[in-house]
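Structure file input-v8.cif (mmCIF, C-alpha atoms) follows.
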```cif
data_data
#
loop_
_atom_site.label_atom_id
_atom_site.label_comp_id
_atom_site.auth_asym_id
_atom_site.auth_seq_id
_atom_site.Cartn_x
_atom_site.Cartn_y
_atom_site.Cartn_z
CA MET M 1 -50.23 -14.68 47.41
CA GLN M 2 -46.76 -13.14 47.32
CA ILE M 3 -45.70 -11.81 43.95
CA LYS M 4 -42.26 -10.49 42.98
CA GLY M 5 -42.71 -10.48 39.22
CA ALA M 6 -45.76 -10.51 36.93
CA ILE M 7 -45.98 -11.88 33.38
CA PHE M 8 -49.19 -11.00 31.52
CA ASP M 9 -50.68 -12.49 28.39
CA LEU M 10 -52.42 -9.98 26.10
CA ASP M 11 -55.31 -11.46 24.07
CA GLY M 12 -58.09 -12.60 26.35
CA THR M 13 -56.14 -11.70 29.49
CA LEU M 14 -55.43 -7.97 29.51
CA LEU M 15 -57.56 -7.28 26.43
CA ASP M 16 -61.14 -8.30 25.70
CA SER M 17 -60.19 -9.47 22.21
CA MET M 18 -60.18 -13.24 21.80
CA GLY M 19 -63.18 -13.74 19.51
CA THR M 20 -61.87 -11.39 16.82
CA TRP M 21 -59.07 -13.69 15.63
CA ALA M 22 -61.48 -16.57 15.01
CA VAL M 23 -63.78 -14.28 13.02
CA LEU M 24 -60.91 -13.02 10.86
CA SER M 25 -59.65 -16.56 10.24
CA ALA M 26 -63.13 -17.78 9.30
CA ASP M 27 -63.64 -14.84 6.94
CA PHE M 28 -60.29 -15.49 5.25
CA LEU M 29 -61.00 -19.20 4.71
CA ARG M 30 -64.47 -18.46 3.31
CA GLU M 31 -62.95 -15.94 0.89
CA ARG M 32 -60.62 -18.68 -0.32
CA GLY M 33 -63.57 -21.06 -0.80
CA LYS M 34 -62.50 -23.38 2.02
CA GLU M 35 -64.82 -25.27 4.35
CA TYR M 36 -63.47 -25.16 7.90
CA SER M 37 -64.52 -26.59 11.23
CA ASP M 38 -64.73 -25.09 14.70
CA GLU M 39 -62.06 -27.60 15.69
CA PHE M 40 -59.67 -26.13 13.13
CA LEU M 41 -60.31 -22.58 14.36
CA GLU M 42 -59.56 -23.85 17.87
CA ARG M 43 -56.22 -25.20 16.63
CA LEU M 44 -55.35 -21.70 15.43
CA ARG M 45 -56.10 -20.03 18.75
CA PRO M 46 -52.78 -20.63 20.54
CA LEU M 47 -50.61 -19.92 17.49
CA SER M 48 -48.78 -16.81 16.48
CA LEU M 49 -50.06 -15.15 13.32
CA ARG M 50 -47.25 -16.60 11.21
CA GLU M 51 -47.80 -20.09 12.64
CA ALA M 52 -51.53 -19.82 11.95
CA ALA M 53 -50.88 -18.72 8.37
CA ALA M 54 -48.54 -21.67 7.82
CA LEU M 55 -51.11 -24.10 9.21
CA MET M 56 -53.86 -22.74 6.94
CA ILE M 57 -51.58 -23.12 3.93
CA GLU M 58 -50.61 -26.66 4.93
CA THR M 59 -54.15 -27.79 5.75
CA TYR M 60 -56.08 -26.21 2.87
CA GLY M 61 -53.48 -25.79 0.14
CA ILE M 62 -54.00 -22.04 0.07
CA PRO M 63 -51.77 -20.47 -2.61
CA ASP M 64 -51.01 -17.32 -0.61
CA SER M 65 -47.60 -17.12 1.07
CA VAL M 66 -47.20 -16.81 4.83
CA GLU M 67 -46.14 -13.21 4.43
CA GLU M 68 -49.13 -12.37 2.23
CA ILE M 69 -51.53 -13.83 4.80
CA VAL M 70 -49.77 -12.07 7.67
CA ASP M 71 -49.92 -8.74 5.85
CA LEU M 72 -53.62 -9.21 5.11
CA PHE M 73 -54.47 -10.07 8.71
CA LEU M 74 -52.36 -7.20 10.03
CA SER M 75 -54.23 -4.76 7.79
CA ARG M 76 -57.58 -6.07 9.00
CA VAL M 77 -56.91 -6.53 12.70
CA GLY M 78 -55.01 -3.28 13.07
CA TYR M 79 -58.28 -1.37 13.22
CA PHE M 80 -59.42 -3.37 16.24
CA PHE M 81 -56.16 -2.81 18.13
CA ASP M 82 -56.14 0.86 17.17
CA HIS M 83 -59.78 1.64 17.96
CA VAL M 84 -61.85 -1.22 19.41
CA PHE M 85 -60.21 -3.54 21.93
CA GLU M 86 -60.58 -2.48 25.56
CA LEU M 87 -58.89 -3.60 28.74
CA LYS M 88 -60.67 -6.21 30.80
CA ARG M 89 -62.32 -4.88 33.94
CA GLY M 90 -59.79 -3.92 36.60
CA ALA M 91 -56.74 -4.79 34.49
CA GLY M 92 -55.27 -1.30 34.31
CA GLU M 93 -55.79 -0.59 37.99
CA PHE M 94 -54.21 -3.89 38.99
CA VAL M 95 -51.11 -3.45 36.82
CA ARG M 96 -50.65 0.10 38.11
CA GLY M 97 -51.06 -1.22 41.64
CA LEU M 98 -48.30 -3.75 41.08
CA ARG M 99 -45.95 -1.08 39.77
CA ALA M 100 -46.73 1.20 42.69
CA ARG M 101 -45.56 -1.64 44.95
CA GLY M 102 -42.34 -2.07 43.01
CA VAL M 103 -43.32 -5.31 41.25
CA PRO M 104 -41.74 -5.59 37.76
CA CYS M 105 -44.24 -6.46 35.03
CA CYS M 106 -44.08 -7.51 31.40
CA VAL M 107 -46.31 -8.71 28.58
CA ALA M 108 -45.61 -12.12 26.98
CA THR M 109 -47.87 -12.67 23.99
CA ALA M 110 -48.45 -14.52 20.75
CA ALA M 111 -49.74 -11.27 19.24
CA GLU M 112 -47.48 -9.18 17.04
CA ARG M 113 -45.44 -6.46 18.74
CA ILE M 114 -46.97 -3.67 16.65
CA HIS M 115 -50.48 -4.68 17.75
CA THR M 116 -49.52 -5.12 21.36
CA GLU M 117 -47.79 -1.78 21.70
CA THR M 118 -50.45 0.09 19.71
CA ALA M 119 -53.29 -1.18 21.88
CA LEU M 120 -51.50 -0.71 25.21
CA LYS M 121 -50.37 2.79 24.27
CA ARG M 122 -53.91 3.77 23.24
CA LEU M 123 -55.22 2.40 26.53
CA GLY M 124 -52.58 4.26 28.56
CA LEU M 125 -50.87 1.16 29.92
CA LEU M 126 -47.77 0.57 27.79
CA ASP M 127 -45.49 2.51 30.14
CA ALA M 128 -46.54 0.31 33.06
CA PHE M 129 -44.61 -2.65 31.63
CA ASP M 130 -40.87 -3.13 31.70
CA PHE M 131 -40.99 -4.72 28.26
CA VAL M 132 -43.08 -6.62 25.73
CA LEU M 133 -41.99 -10.07 24.53
CA THR M 134 -43.61 -12.01 21.68
CA THR M 135 -43.52 -15.66 20.66
CA THR M 136 -42.38 -14.55 17.21
CA GLU M 137 -39.28 -12.98 18.75
CA VAL M 138 -38.60 -15.97 20.99
CA GLY M 139 -39.13 -18.37 18.09
CA LYS M 140 -41.42 -20.79 19.94
CA SER M 141 -45.12 -20.86 20.83
CA LYS M 142 -46.49 -21.04 24.35
CA PHE M 143 -46.61 -24.81 24.04
CA GLU M 144 -42.96 -24.41 25.03
CA PRO M 145 -41.83 -22.54 28.19
CA ASP M 146 -39.20 -20.37 26.47
CA ILE M 147 -41.20 -17.14 26.44
CA PHE M 148 -42.01 -17.41 30.14
CA LEU M 149 -38.45 -18.34 31.10
CA THR M 150 -37.03 -15.51 29.01
CA ALA M 151 -39.50 -13.07 30.55
CA ALA M 152 -38.58 -14.09 34.11
CA GLU M 153 -34.88 -13.76 33.33
CA ARG M 154 -35.35 -10.29 31.88
CA LEU M 155 -37.46 -9.26 34.87
CA GLY M 156 -34.66 -10.45 37.13
CA VAL M 157 -37.04 -12.56 39.19
CA ALA M 158 -36.82 -16.28 40.01
CA VAL M 159 -39.38 -18.48 38.25
CA GLU M 160 -40.99 -19.56 41.52
CA ASP M 161 -41.51 -15.89 42.50
CA CYS M 162 -43.24 -14.95 39.22
CA VAL M 163 -46.97 -15.17 38.61
CA VAL M 164 -48.13 -15.79 35.04
CA PHE M 165 -51.54 -14.30 34.21
CA GLU M 166 -53.20 -16.27 31.39
CA ASP M 167 -56.60 -17.15 29.98
CA SER M 168 -55.66 -20.18 27.84
CA LEU M 169 -55.33 -23.65 29.31
CA TYR M 170 -52.42 -24.71 27.12
CA ALA M 171 -50.33 -21.69 28.13
CA MET M 172 -51.21 -22.09 31.81
CA THR M 173 -50.16 -25.73 31.65
CA THR M 174 -46.83 -24.82 30.04
CA ALA M 175 -46.10 -22.16 32.65
CA LYS M 176 -47.11 -24.41 35.54
CA LYS M 177 -44.88 -27.27 34.35
CA ALA M 178 -41.98 -24.79 34.12
CA GLY M 179 -42.38 -23.90 37.80
CA PHE M 180 -44.37 -20.66 37.62
CA ARG M 181 -47.41 -19.88 39.70
CA VAL M 182 -50.45 -19.31 37.50
CA ALA M 183 -53.36 -16.89 37.85
CA ALA M 184 -56.17 -17.79 35.47
CA ILE M 185 -58.31 -14.97 34.09
CA HIS M 186 -61.89 -15.79 33.18
CA GLU M 187 -62.40 -15.78 29.42
CA PRO M 188 -65.75 -16.87 27.89
CA GLU M 189 -63.93 -18.30 24.86
CA ALA M 190 -62.28 -20.85 27.18
CA ALA M 191 -65.49 -22.00 28.86
CA GLY M 192 -65.05 -25.56 27.61
CA ASP M 193 -61.72 -25.80 29.45
CA LEU M 194 -62.98 -24.43 32.75
CA ASN M 195 -62.63 -27.61 34.83
CA ALA M 196 -59.13 -28.25 33.55
CA ILE M 197 -58.19 -24.61 34.13
CA HIS M 198 -59.26 -24.82 37.76
CA ALA M 199 -57.13 -27.95 38.13
CA VAL M 200 -54.01 -26.26 36.73
CA CYS M 201 -54.09 -22.73 38.12
CA ASP M 202 -53.08 -21.54 41.58
CA VAL M 203 -55.82 -18.91 41.64
CA PHE M 204 -58.83 -18.23 39.39
CA LEU M 205 -59.92 -14.63 38.84
CA THR M 206 -63.38 -13.89 37.50
CA SER M 207 -61.92 -10.46 36.71
CA PHE M 208 -58.91 -8.37 37.68
CA GLU M 209 -61.16 -6.62 40.17
CA ASP M 210 -60.65 -9.70 42.36
CA ALA M 211 -56.84 -9.50 42.16
CA PRO M 212 -56.01 -6.80 44.73
CA ARG M 213 -57.49 -8.71 47.67
CA ILE M 214 -55.36 -11.74 46.71
CA PHE M 215 -52.08 -10.06 45.82
CA PHE M 216 -52.13 -6.82 47.84
CA SER M 217 -53.36 -8.05 51.22
#
```

I'd like the structure from this file rewritten - as structure tokens, please.
Amino acid sequence: MQIKGAIFDLDGTLLDSMGTWAVLSADFLRERGKEYSDEFLERLRPLSLREAAALMIETYGIPDSVEEIVDLFLSRVGYFFDHVFELKRGAGEFVRGLRARGVPCCVATAAERIHTETALKRLGLLDAFDFVLTTTEVGKSKFEPDIFLTAAERLGVAVEDCVVFEDSLYAMTTAKKAGFRVAAIHEPEAAGDLNAIHAVCDVFLTSFEDAPRIFFS
């Protein structure tokens, strides 16, 4: 598959990190004496941290402000980005391989910039990307195509020549409808969406170790 530009998600795609956000959200709601469902935690998964905070306030009447919740989560999750999260197998080698072939790359994520850059710097991969773009900065979640379209424009690559690497069905669907080619990365947290993911994506990768034979041949 020809690739002239690469747009990478962070949580669950480059980083083995997805389950942590659900744990932090569940802990927070328990601390506030709220009973939550797995379905509600699933609703939080595609949202930025600020969007998730607003939804928890709206749904459960939590007295904390959005900023107070964001600050609390940032203080708790920072440790994981600073010390715990690792790259998924083959991710670093594949990104470096793209750059060695002159393919521009970026990160487009719902995570906060400070977390994204901290983790990628610790893992020695931040300098491999032309830039990092967040949904907070764009002002829309990945249910809308704005972050992908903005990323392609900044990369200087036509939409149809970009490949979006994602683990979440909703984001893949958004990118596909906007005209991007989609490479799905296996993520255990998305196991329930596997059939739909196969239907949406152009290629399914069990890990980034499979990517070179598809994109470098």

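Using all atoms listed in the file, the shortest contact distance between Leu125 (chain M) and any of M:Ala53, M:Leu15, M:Leu47, M:Ala110 is found at M:Leu15.
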
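Taken over the shown file, the PyMOL selection byres ((chain M and resi 190) around 10) identifies Gly12, Met18, Asp167, Ser168, Leu169, Ile185, His186, Glu187, Pro188, Glu189, Ala191, Gly192, Asp193, Leu194 and Ile197 of chain M.
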
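Atom pair CA of Ile69 (chain M) / CA of Ala52 (chain M) has a distance of 9.3 Å (rounded to one decimal).
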
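Restricting the calculation to all atoms listed in the file, the smallest distance between Ala158 (chain M) and any of M:Asp146, M:Ser25, M:Ile3, M:Ala128 is found for M:Ile3.
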
Determine the residue set returned by the PyMOL selection byres ((chain M and resi 175) around 10) for the present structure, and present it as a PyMOL selection string.
chain M and resi 142-149+159+163-166+169-174+176-182+200-201

Write out as a VMD selection string each polymer residue whose atoms come within 12 Å of Thr59 (chain M), counting only C-alpha atoms; drop sequence neighbours fewer than 6 positions from it.
chain M and resid 29 34 to 37 40 to 41 43 to 44 52 to 53

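In terms of minimum interatomic distance to Val157 (chain M), M:Val103 ranks closest within M:Leu87, M:Ile57, M:Val103, M:Ala211, counting all atoms listed in the file.
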
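Take CA of Leu155 (chain M) and CA of Ser207 (chain M): the distance between them is 24.6 Å.
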
Please evaluate the PyMOL selection byres ((chain M and resi 91) around 12) against the structure above and give the resulting residues as JSON, numbers by chain.
{"M": [8, 9, 10, 12, 13, 14, 15, 16, 86, 87, 88, 89, 90, 92, 93, 94, 95, 96, 97, 98, 120, 123, 124, 125, 128, 165, 185, 205, 206, 207, 208, 209, 210, 211, 212]}

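Compared by their closest atoms to Ile7 (chain M), and using all atoms listed in the file, the residues M:Lys140, M:Ile114, M:Val107, M:Leu126 rank with M:Val107 nearest.
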
Give me the residues near Pro104 (chain M) as a PDB file with C-alpha atoms, keeping the file's coordinate frame, where near means some atom within 7 Å (using only C-alpha atoms) and where sequence neighbours in that chain fewer than 2 positions away do not count.
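Result went into part_9.pdb, see below:
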```pdb
ATOM      1  CA  GLY M   5     -42.710 -10.480  39.220  1.00  0.00           C
ATOM      2  CA  ALA M   6     -45.760 -10.510  36.930  1.00  0.00           C
ATOM      3  CA  ARG M  99     -45.950  -1.080  39.770  1.00  0.00           C
ATOM      4  CA  GLY M 102     -42.340  -2.070  43.010  1.00  0.00           C
ATOM      5  CA  ASP M 130     -40.870  -3.130  31.700  1.00  0.00           C
ATOM      6  CA  LEU M 155     -37.460  -9.260  34.870  1.00  0.00           C
TER       7      LEU M 155
END
```

Neighbours of Ser65 (chain M) within 12 Å (all atoms listed in the file; same-chain residues fewer than 2 positions away dropped), as a list in words?
Arg50, Glu51, Ala52, Ala53, Ala54, Leu55, Met56, Ile57, Glu58, Gly61, Ile62, Pro63, Glu67, Glu68, Ile69, Val70, Asp71 and Leu72 of chain M

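Our summary of the geometry notes that CA of Thr134 (chain M) is positioned 21.4 Å from CA of Glu160 (chain M).
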
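With only C-alpha atoms as the basis for measurement, M:Cys105 is the residue among M:Ser217, M:Cys105, M:Phe129, M:Lys121 that approaches Lys4 (chain M) most closely.
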
Of the candidates M:Arg32, M:Arg154, M:His83, M:Arg76, which shows the shortest atom-to-atom distance to Arg122 (chain M), using all atoms listed in the file?
M:His83

Exercise on region 40-45 of chain M, axis-aligned box with 8 Å per side, report centre and edge lengths in Å to one decimal, as AutoDock Vina command-line options:
```
--center_x -57.8 --center_y -23.1 --center_z 15.9 --size_x 21.0 --size_y 22.1 --size_z 21.6
```
